[in-house]
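Just below is one structure, and these are the notes that go with it.
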Amino acid sequence: MQTFLRNTLFLILITCNPFTLFGQITVTNSVFPEAGDLLFTSRDPGTIGTMTPPSATAQTWDFSIFNPFEVDTTEVFDAATGANAAAFPDADIILPLFNAESYVDNDGDSLVLHGFFGDPGFGIPFLITPSSPSVLLNTPLTYGATFEDDFSFGQAIDPADFPQLDSLLPAFPPIDSIRFLFTSHREDTVDAFGLVQTYFADFDVLRVKSVDYTDLFIEFKVFGLWLDPSGLGIEIPFGGPDTSYTYDFRNDVEKEVILSMNTDEFGNYQAATYKVDPNNITSIFSPILPDLSLSVFPNPTDDHIQFQIGEGLTENLWVHLQTITGQQIKRQAFTSNQLNMNVESVSPGIYFGLIVDESGKIRAVEKIIIH
């Protein structure tokens, strides 16, 4: 759950007013998302690289390697149109945070989350009203600025609505009720500034490093007593403390984050969400209308890749492993609906796996990360 929350919390927020100070931009509240806005992003689930250290001098980050197949379009709605608007009278807009109907307020210098209706990761939708609102973005932002935010919410769950317990706790006594408390303490630091290069344009940016310390505490009510399952030696896979690291590159004009990178504690890249120009999709494989179902695993990988098409093989098909510039690295024919390709000798990087038929038509494509 923590991973889901942290990966969605900063997905679509931002910023700004053209203004410079000593060559650095300032991010203000002048272009917070508003009802009617359309925001365009794409996501890369795995990538290779390490974030540069903090610096008081301008840096350049080349992220032009991210070239999308498709665009995720998000419309910002007026909060009054939401099904749960009455529960959040101070909200101005609805954003798709938490994969839910999230109610957000522009209170002047901050973008504030008041609550949401949706599934935060349990498979059950809730109406969540936090004990206090969460400040998603605090402005103005300049190099060296810092900000902290605390956020928590809890919920009771009927065990009958949580069938996963049967497999998690097969020998546990009958559970009368479940409750959880999610807490988050986030620390934001504007630790660098400079230029981000994307596949379609360059942007002046501030880099905001966010460290989010989260904890999901779960209790079971058994025979009238509330019990901490961890104290009984029972491990709940989505419970407990966690720490996430995110670097947001924010421009002073664009409403989307130019690029948001999830990393580990050492700054190694894990996944990226980035701004897309819907009128400038320049992928070397675009446009493609795949007509085959394709699964690729493991991905990322460092030794082999399993390609699987969703139906039985009825024609001659090949896998082409290509670089992002179109250079073919490997070619291998399907003999069944599964194919195993050895990539131990392939240099680390981002590649594309293309399923190609006898006529040369590309029938499916998947991005592949080789470590």
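Every chain in the structure tokens takes a letter, A first, then B, and so on in the order presented; its residues are numbered from 1, and the ligands are numbered from 1 following the presented order.
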If you count only C-alpha atoms, which residues fall within 9 Å of A:Ser295, apart from same-chain ones fewer than 5 positions away, as a PyMOL selection string?
-> chain A and resi 306-310+366
Write a file of the selected residues as a PDB file, in the first residue's frame, keeping C-alpha atoms.
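The result, written out as selection-v7.pdb:
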```pdb
ATOM      1  CA  GLN A 306      10.539 -14.810 -21.672  1.00  0.00           C
ATOM      2  CA  PHE A 307       8.208 -13.585 -24.447  1.00  0.00           C
ATOM      3  CA  GLN A 308       4.689 -14.978 -24.400  1.00  0.00           C
ATOM      4  CA  ILE A 309       1.890 -14.240 -26.838  1.00  0.00           C
ATOM      5  CA  GLY A 310      -1.640 -14.666 -25.614  1.00  0.00           C
ATOM      6  CA  GLU A 366       7.187  -3.924 -25.070  1.00  0.00           C
TER       7      GLU A 366
END
```
Can you list, as a list in words, every protein, DNA or RNA residue that comes within 6 Å of A:Gln322 when you count only C-alpha atoms, leaving out same-chain residues fewer than 6 positions away?
->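 Here the qualifying residues turn out to be Gln328, Ile329, Tyr351 and Phe352 of chain A.
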Selection file, C-alpha atoms, as a PDB file, in the first residue's frame:
```pdb
ATOM      1  CA  GLN A 328      18.598  -4.602 -34.077  1.00  0.00           C
ATOM      2  CA  ILE A 329      20.544  -6.496 -31.396  1.00  0.00           C
ATOM      3  CA  TYR A 351      15.500  -1.775 -25.405  1.00  0.00           C
ATOM      4  CA  PHE A 352      12.315  -2.652 -27.264  1.00  0.00           C
TER       5      PHE A 352
END
```
Within 9 Å of A:Met341 using only C-alpha atoms, minus same-chain residues under 4 positions, as a count of residues only = 8
Could you please write out, as a VMD selection string, every residue of stretch 63-269 of chain A that DSSP assigns to strand (DSSP E or B)?
-> chain A and resid 72 to 75 77 to 78 93 to 95 100 to 106 110 to 118 126 to 128 134 to 138 141 146 to 157 177 to 197 202 to 222 225 to 227 240 to 250 259 to 263 268 to 269
Would you put the residues from that selection into a file with C-alpha atoms, as a CSV table (one decimal), in the first residue's frame?
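Writing the result to part.csv gives the following:
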```csv
chain,number,residue,atom,x,y,z
A,72,ASP,CA,-2.1,9.2,-20.1
A,73,THR,CA,-4.6,12.0,-20.2
A,74,THR,CA,-5.9,13.4,-16.9
A,75,GLU,CA,-8.8,15.8,-16.7
A,77,PHE,CA,-12.7,18.3,-12.5
A,78,ASP,CA,-14.5,20.9,-10.4
A,93,ILE,CA,-10.8,20.4,-7.7
A,94,ILE,CA,-10.7,16.6,-8.0
A,95,LEU,CA,-7.4,14.9,-8.9
A,100,ALA,CA,-9.4,7.6,-6.4
A,101,GLU,CA,-11.7,10.7,-6.4
A,102,SER,CA,-9.3,13.0,-4.4
A,103,TYR,CA,-10.6,16.3,-3.2
A,104,VAL,CA,-7.9,19.1,-3.3
A,105,ASP,CA,-8.0,22.8,-2.3
A,106,ASN,CA,-6.0,25.7,-3.7
A,110,SER,CA,-0.5,25.5,-1.0
A,111,LEU,CA,-2.2,22.7,-2.8
A,112,VAL,CA,-4.0,20.7,0.0
A,113,LEU,CA,-5.5,17.3,0.0
A,114,HIS,CA,-8.7,17.1,2.1
A,115,GLY,CA,-9.6,13.5,1.5
A,116,PHE,CA,-10.7,11.0,-1.1
A,117,PHE,CA,-13.1,8.2,-2.1
A,118,GLY,CA,-11.5,5.1,-3.5
A,126,PHE,CA,-13.5,3.9,1.3
A,127,LEU,CA,-14.4,7.5,2.0
A,128,ILE,CA,-11.3,8.8,3.7
A,134,SER,CA,-2.1,17.1,3.7
A,135,VAL,CA,-0.1,19.8,1.9
A,136,LEU,CA,0.9,18.3,-1.5
A,137,LEU,CA,2.8,21.3,-2.7
A,138,ASN,CA,3.9,24.4,-0.8
A,141,LEU,CA,9.7,27.2,-4.2
A,146,THR,CA,12.5,23.0,2.7
A,147,PHE,CA,9.1,21.9,3.8
A,148,GLU,CA,7.6,19.1,6.0
A,149,ASP,CA,4.2,17.6,6.0
A,150,ASP,CA,2.4,15.1,8.2
A,151,PHE,CA,-0.6,13.1,7.0
A,152,SER,CA,-2.7,10.2,8.5
A,153,PHE,CA,-5.9,8.4,8.2
A,154,GLY,CA,-7.6,5.4,9.6
A,155,GLN,CA,-10.5,3.1,8.7
A,156,ALA,CA,-12.4,0.1,10.1
A,157,ILE,CA,-12.9,-2.8,7.8
A,177,SER,CA,-13.2,-6.5,12.9
A,178,ILE,CA,-10.1,-4.9,11.3
A,179,ARG,CA,-8.8,-1.4,11.6
A,180,PHE,CA,-5.8,0.3,10.2
A,181,LEU,CA,-3.9,3.6,10.6
A,182,PHE,CA,-1.7,5.0,7.9
A,183,THR,CA,0.7,7.8,8.8
A,184,SER,CA,3.2,9.7,6.6
A,185,HIS,CA,5.9,12.2,7.4
A,186,ARG,CA,7.3,13.9,4.3
A,187,GLU,CA,10.4,16.1,4.0
A,188,ASP,CA,10.9,18.1,0.9
A,189,THR,CA,14.1,19.9,-0.1
A,190,VAL,CA,14.8,21.9,-3.2
A,191,ASP,CA,18.4,20.5,-3.6
A,192,ALA,CA,19.3,21.4,-7.2
A,193,PHE,CA,18.4,23.5,-10.2
A,194,GLY,CA,19.2,23.6,-13.9
A,195,LEU,CA,18.0,22.2,-17.2
A,196,VAL,CA,16.0,19.1,-18.0
A,197,GLN,CA,16.2,17.8,-21.5
A,202,ASP,CA,14.2,21.5,-22.7
A,203,PHE,CA,12.9,23.0,-19.4
A,204,ASP,CA,14.4,25.2,-16.7
A,205,VAL,CA,13.6,23.4,-13.4
A,206,LEU,CA,14.0,23.1,-9.7
A,207,ARG,CA,14.6,19.6,-8.3
A,208,VAL,CA,12.6,18.7,-5.2
A,209,LYS,CA,13.8,15.7,-3.2
A,210,SER,CA,11.0,14.2,-1.2
A,211,VAL,CA,11.6,11.6,1.5
A,212,ASP,CA,8.4,10.0,2.8
A,213,TYR,CA,8.4,8.0,6.0
A,214,THR,CA,5.2,5.9,6.1
A,215,ASP,CA,3.7,3.4,8.5
A,216,LEU,CA,0.7,1.2,8.1
A,217,PHE,CA,-0.5,-0.2,11.5
A,218,ILE,CA,-3.1,-2.9,11.4
A,219,GLU,CA,-5.1,-4.4,14.3
A,220,PHE,CA,-7.5,-7.4,14.4
A,221,LYS,CA,-10.4,-7.7,16.9
A,222,VAL,CA,-10.6,-11.3,18.1
A,225,LEU,CA,-9.8,-7.9,22.1
A,226,TRP,CA,-7.8,-5.7,19.7
A,227,LEU,CA,-4.6,-7.5,18.7
A,240,GLY,CA,4.6,-1.9,8.7
A,241,PRO,CA,7.0,1.1,8.1
A,242,ASP,CA,8.5,2.1,4.8
A,243,THR,CA,10.6,4.9,3.3
A,244,SER,CA,10.3,6.2,-0.3
A,245,TYR,CA,12.4,8.6,-2.2
A,246,THR,CA,11.2,10.8,-5.1
A,247,TYR,CA,12.8,13.5,-7.1
A,248,ASP,CA,10.4,16.0,-8.8
A,249,PHE,CA,11.7,18.3,-11.6
A,250,ARG,CA,9.4,21.3,-11.6
A,259,LEU,CA,9.7,14.4,-14.6
A,260,SER,CA,9.2,12.5,-11.3
A,261,MET,CA,11.7,9.8,-10.5
A,262,ASN,CA,11.3,7.2,-7.8
A,263,THR,CA,14.7,6.0,-6.5
A,268,ASN,CA,19.3,4.6,-8.1
A,269,TYR,CA,16.5,5.0,-10.6
```
Pick out the residues sitting within 12 Å of A:Tyr274, and hand them over as a PyMOL selection string; count only C-alpha atoms, and ignore anything fewer than 3 positions along from it in its own chain.
-> chain A and resi 10-13+39-45+63-68+70-72+196-200+247-250+254-262+271+277
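Taking atom CA of A:Ala35 as the reference point, atom CA of A:Ala79 is found at 8.1 Å.
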Which of these residues is nearest to A:Leu294, using only C-alpha atoms: A:Asn337, A:Ser347, A:Asn342, A:Thr52?
->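 Counting only C-alpha atoms, the residue closest to A:Leu294 is A:Asn337.
Taking only C-alpha atoms into account, A:Asp161 lies nearest to A:Ile124 out of the set A:Ile124, A:Val27, A:Val253, A:Ala80.
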